[in-house]
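Please read the structure below before turning to the comments.
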Amino acid sequence: MTRPAPDQLSPAVFLDRDGTIMRDVEYCSDPKQVEIFSGVPEALVRLKQNGYKLIIISNQSGIGRGYFSEEQFWFVQDAIARKLAPAVIDAIYYCPDKPGGRSTRRKPSPEMVFEAQRDHGIDLSRSFFVGDKAIDIQCGRNAGVRTILVQTGYGLQKEDTGAEFVAREFTEATDIILEQLK
């Protein structure tokens, strides 16, 4: 596989899933539990129209804990994709490992972001990570991208995460990202 030239690299928005673009349901394993936050599909379309690749980066320790299977995870992802339409997620990277193990991919490790960078020709210097937890912000910072904490899901706790930006919800995060283009 040949690497794209630096001027052919695309910016990306790396997205945490639970609590960021959808209501956080502890260990979501049922497609019926998928509830996308208001305005998210439209906001994702706006990002795509402005040249951003959309990539979900998600810890899914429910798989490693035996709470649900990888197949159930993909059923949930299919439900998310249907509810986000016409927005299109370019890729999904997830880590099924339990916390406290020897995982090299589990957030806050930036490894899933780096995998996406290699797989999709991403310019990290023009990219963002949007999440609702300190671990998301740490992952983004570890990968060298700009970070936005959304105050949905765990972001309501308003802890100091070191995020560069704070947004009430994902549509406001989208406004922040697009404002950076000006």
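Within each chain, counting starts at residue 1; across the structure tokens, chains are named A, B, ... in the order shown, with ligands numbered 1 upward in that order.
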
Please list as a compact mmCIF listing (two decimals) with C-alpha atoms, in the first residue's frame every residue within 10 Å of A:Gln77, counting only C-alpha atoms and excluding residues in the same chain fewer than 3 positions away.
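File written: around_39.txt
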# COMPACT_ATOMS: atom_id res chain seq x y z
CA ARG A 17 -19.51 6.68 20.58
CA SER A 29 -25.69 -4.71 23.38
CA ASP A 30 -29.23 -4.24 22.04
CA PRO A 31 -29.91 -2.24 18.86
CA VAL A 34 -29.56 3.04 20.41
CA GLU A 71 -21.69 -10.03 16.82
CA GLN A 72 -23.98 -8.07 19.17
CA PHE A 73 -21.56 -5.14 18.99
CA TRP A 74 -21.91 -5.12 15.18
CA ILE A 80 -26.28 3.39 14.72
CA ALA A 81 -25.46 3.57 11.00
CA ARG A 82 -29.17 3.42 10.09
CA LYS A 83 -30.02 6.20 12.55
CA ILE A 92 -14.97 2.13 13.39

Spatial neighbours of stretch 127-141 of chain A, 7 Å, only C-alpha atoms, chain gap at least 6 places, as a PDB file with C-alpha atoms, in the first residue's frame:
ATOM      1  CA  PRO A  11      -8.504  15.779   8.240  1.00  0.00           C
ATOM      2  CA  ALA A  12     -10.665  13.612  10.481  1.00  0.00           C
ATOM      3  CA  VAL A  13     -12.995  13.911  13.412  1.00  0.00           C
ATOM      4  CA  PHE A  14     -12.436  11.018  15.764  1.00  0.00           C
ATOM      5  CA  LEU A  15     -15.601  10.332  17.720  1.00  0.00           C
ATOM      6  CA  ASP A  16     -16.211   8.537  20.929  1.00  0.00           C
ATOM      7  CA  GLY A  19     -22.230   9.522  25.540  1.00  0.00           C
ATOM      8  CA  THR A  20     -20.919  11.558  22.596  1.00  0.00           C
ATOM      9  CA  LYS A 107      -8.014   4.473  25.230  1.00  0.00           C
ATOM     10  CA  PRO A 108      -6.243   6.590  26.429  1.00  0.00           C
ATOM     11  CA  SER A 109      -3.679   4.874  24.223  1.00  0.00           C
ATOM     12  CA  PRO A 110      -3.643   6.626  20.844  1.00  0.00           C
ATOM     13  CA  THR A 147      -9.736  17.897  21.603  1.00  0.00           C
ATOM     14  CA  ILE A 148     -13.330  18.785  22.412  1.00  0.00           C
ATOM     15  CA  LEU A 149     -15.191  17.631  25.509  1.00  0.00           C
ATOM     16  CA  VAL A 150     -18.951  17.404  25.009  1.00  0.00           C
ATOM     17  CA  GLN A 151     -21.075  17.856  28.108  1.00  0.00           C
ATOM     18  CA  THR A 152     -23.310  14.922  27.327  1.00  0.00           C
ATOM     19  CA  GLY A 153     -22.884  11.498  28.870  1.00  0.00           C
ATOM     20  CA  TYR A 154     -20.067  11.681  31.416  1.00  0.00           C
ATOM     21  CA  GLY A 155     -19.166  15.161  30.182  1.00  0.00           C
ATOM     22  CA  THR A 161     -10.078  17.102  31.332  1.00  0.00           C
ATOM     23  CA  ALA A 163      -9.693  19.602  26.551  1.00  0.00           C
TER      24      ALA A 163
END

Using DSSP on the backbone, list every residue of stretch 36-124 of chain A that comes out as helix (DSSP H, G or I), and give them as a JSON list (two decimals) with N, CA and C atoms, in the first residue's frame.
[["chain", "number", "residue", "atom", "x", "y", "z"],
["A", 40, "VAL", "N", -27.24, 15.20, 15.72],
["A", 40, "VAL", "CA", -25.97, 14.54, 15.38],
["A", 40, "VAL", "C", -25.89, 14.16, 13.91],
["A", 41, "PRO", "N", -26.91, 13.52, 13.31],
["A", 41, "PRO", "CA", -26.78, 13.17, 11.89],
["A", 41, "PRO", "C", -26.50, 14.40, 11.00],
["A", 42, "GLU", "N", -27.21, 15.47, 11.25],
["A", 42, "GLU", "CA", -27.02, 16.69, 10.46],
["A", 42, "GLU", "C", -25.62, 17.28, 10.68],
["A", 43, "ALA", "N", -25.15, 17.25, 11.92],
["A", 43, "ALA", "CA", -23.82, 17.77, 12.22],
["A", 43, "ALA", "C", -22.74, 16.94, 11.52],
["A", 44, "LEU", "N", -22.93, 15.62, 11.50],
["A", 44, "LEU", "CA", -21.96, 14.76, 10.82],
["A", 44, "LEU", "C", -21.94, 15.04, 9.32],
["A", 45, "VAL", "N", -23.10, 15.27, 8.74],
["A", 45, "VAL", "CA", -23.17, 15.61, 7.31],
["A", 45, "VAL", "C", -22.40, 16.91, 7.05],
["A", 46, "ARG", "N", -22.55, 17.90, 7.92],
["A", 46, "ARG", "CA", -21.82, 19.16, 7.77],
["A", 46, "ARG", "C", -20.31, 18.93, 7.79],
["A", 47, "LEU", "N", -19.86, 18.07, 8.69],
["A", 47, "LEU", "CA", -18.43, 17.77, 8.76],
["A", 47, "LEU", "C", -17.95, 17.09, 7.49],
["A", 48, "LYS", "N", -18.73, 16.12, 7.00],
["A", 48, "LYS", "CA", -18.37, 15.43, 5.74],
["A", 48, "LYS", "C", -18.31, 16.41, 4.58],
["A", 49, "GLN", "N", -19.27, 17.31, 4.51],
["A", 49, "GLN", "CA", -19.30, 18.29, 3.43],
["A", 49, "GLN", "C", -18.09, 19.22, 3.46],
["A", 61, "SER", "N", -15.29, -2.71, 26.42],
["A", 61, "SER", "CA", -14.88, -3.75, 27.35],
["A", 61, "SER", "C", -15.99, -4.74, 27.66],
["A", 62, "GLY", "N", -17.23, -4.42, 27.31],
["A", 62, "GLY", "CA", -18.32, -5.38, 27.50],
["A", 62, "GLY", "C", -18.07, -6.68, 26.75],
["A", 63, "ILE", "N", -17.34, -6.60, 25.64],
["A", 63, "ILE", "CA", -16.98, -7.81, 24.89],
["A", 63, "ILE", "C", -16.00, -8.63, 25.71],
["A", 64, "GLY", "N", -14.93, -8.00, 26.18],
["A", 64, "GLY", "CA", -13.92, -8.69, 26.97],
["A", 64, "GLY", "C", -14.43, -9.20, 28.30],
["A", 70, "GLU", "N", -19.08, -10.02, 20.05],
["A", 70, "GLU", "CA", -18.68, -9.13, 18.96],
["A", 70, "GLU", "C", -19.81, -9.00, 17.95],
["A", 71, "GLU", "N", -20.55, -10.07, 17.73],
["A", 71, "GLU", "CA", -21.69, -10.03, 16.82],
["A", 71, "GLU", "C", -22.75, -9.02, 17.31],
["A", 72, "GLN", "N", -23.02, -9.04, 18.62],
["A", 72, "GLN", "CA", -23.98, -8.07, 19.17],
["A", 72, "GLN", "C", -23.46, -6.64, 19.01],
["A", 73, "PHE", "N", -22.16, -6.46, 19.20],
["A", 73, "PHE", "CA", -21.56, -5.14, 18.99],
["A", 73, "PHE", "C", -21.86, -4.65, 17.58],
["A", 74, "TRP", "N", -21.68, -5.52, 16.57],
["A", 74, "TRP", "CA", -21.91, -5.12, 15.18],
["A", 74, "TRP", "C", -23.40, -4.89, 14.90],
["A", 75, "PHE", "N", -24.29, -5.60, 15.57],
["A", 75, "PHE", "CA", -25.72, -5.31, 15.43],
["A", 75, "PHE", "C", -26.03, -3.90, 15.92],
["A", 76, "VAL", "N", -25.41, -3.52, 17.04],
["A", 76, "VAL", "CA", -25.59, -2.16, 17.56],
["A", 76, "VAL", "C", -25.01, -1.15, 16.57],
["A", 77, "GLN", "N", -23.83, -1.42, 16.03],
["A", 77, "GLN", "CA", -23.22, -0.52, 15.05],
["A", 77, "GLN", "C", -24.11, -0.35, 13.82],
["A", 78, "ASP", "N", -24.73, -1.44, 13.37],
["A", 78, "ASP", "CA", -25.64, -1.35, 12.22],
["A", 78, "ASP", "C", -26.82, -0.43, 12.54],
["A", 79, "ALA", "N", -27.35, -0.54, 13.76],
["A", 79, "ALA", "CA", -28.46, 0.33, 14.16],
["A", 79, "ALA", "C", -28.02, 1.78, 14.20],
["A", 80, "ILE", "N", -26.82, 2.03, 14.69],
["A", 80, "ILE", "CA", -26.28, 3.39, 14.72],
["A", 80, "ILE", "C", -26.17, 3.93, 13.30],
["A", 81, "ALA", "N", -25.62, 3.13, 12.39],
["A", 81, "ALA", "CA", -25.46, 3.57, 11.00],
["A", 81, "ALA", "C", -26.80, 3.93, 10.37],
["A", 82, "ARG", "N", -27.82, 3.13, 10.63],
["A", 82, "ARG", "CA", -29.17, 3.42, 10.09],
["A", 82, "ARG", "C", -29.70, 4.73, 10.65],
["A", 83, "LYS", "N", -29.48, 4.99, 11.93],
["A", 83, "LYS", "CA", -30.02, 6.20, 12.55],
["A", 83, "LYS", "C", -29.21, 7.45, 12.21],
["A", 84, "LEU", "N", -27.98, 7.26, 11.79],
["A", 84, "LEU", "CA", -27.16, 8.41, 11.40],
["A", 84, "LEU", "C", -27.36, 8.81, 9.94],
["A", 111, "GLU", "N", -3.32, 4.34, 20.01],
["A", 111, "GLU", "CA", -3.05, 3.36, 18.96],
["A", 111, "GLU", "C", -4.18, 3.23, 17.94],
["A", 112, "MET", "N", -5.45, 3.27, 18.39],
["A", 112, "MET", "CA", -6.55, 3.16, 17.41],
["A", 112, "MET", "C", -6.57, 4.37, 16.49],
["A", 113, "VAL", "N", -6.24, 5.55, 17.01],
["A", 113, "VAL", "CA", -6.16, 6.75, 16.18],
["A", 113, "VAL", "C", -5.04, 6.58, 15.15],
["A", 114, "PHE", "N", -3.89, 6.07, 15.60],
["A", 114, "PHE", "CA", -2.77, 5.87, 14.68],
["A", 114, "PHE", "C", -3.09, 4.82, 13.62],
["A", 115, "GLU", "N", -3.83, 3.77, 14.00],
["A", 115, "GLU", "CA", -4.27, 2.77, 13.01],
["A", 115, "GLU", "C", -5.13, 3.45, 11.94],
["A", 116, "ALA", "N", -6.07, 4.26, 12.39],
["A", 116, "ALA", "CA", -6.95, 4.97, 11.45],
["A", 116, "ALA", "C", -6.14, 5.91, 10.57],
["A", 117, "GLN", "N", -5.16, 6.58, 11.15],
["A", 117, "GLN", "CA", -4.31, 7.49, 10.38],
["A", 117, "GLN", "C", -3.63, 6.74, 9.24],
["A", 118, "ARG", "N", -3.07, 5.59, 9.55],
["A", 118, "ARG", "CA", -2.39, 4.78, 8.52],
["A", 118, "ARG", "C", -3.38, 4.24, 7.49],
["A", 119, "ASP", "N", -4.53, 3.75, 7.95],
["A", 119, "ASP", "CA", -5.50, 3.12, 7.06],
["A", 119, "ASP", "C", -6.21, 4.10, 6.13],
["A", 120, "HIS", "N", -6.38, 5.36, 6.58],
["A", 120, "HIS", "CA", -7.23, 6.30, 5.86],
["A", 120, "HIS", "C", -6.52, 7.57, 5.40],
["A", 124, "LEU", "N", -3.20, 14.33, 11.04],
["A", 124, "LEU", "CA", -3.56, 14.55, 12.45],
["A", 124, "LEU", "C", -3.49, 16.02, 12.84]]

Of the candidates A:Ile36, A:Ile56, A:Leu181, A:Ala167, which shows the shortest atom-to-atom distance to A:Tyr93, using only C-alpha atoms?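 Answer, going by the shortest atom-to-atom distance: A:Ile56.
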
One decimal, Å: what's the distance from atom CA of A:Lys53 over to atom CA of A:Val25, could you say? 25.6 Å

Looking only at the backbone, which of the residues in stretch 82-123 of chain A does DSSP tag as strand (DSSP E), as number ranges by chain? A: 91-95

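Atom pair atom CA of A:Ala143 / atom CA of A:Val88: separated by 23.2 Å.
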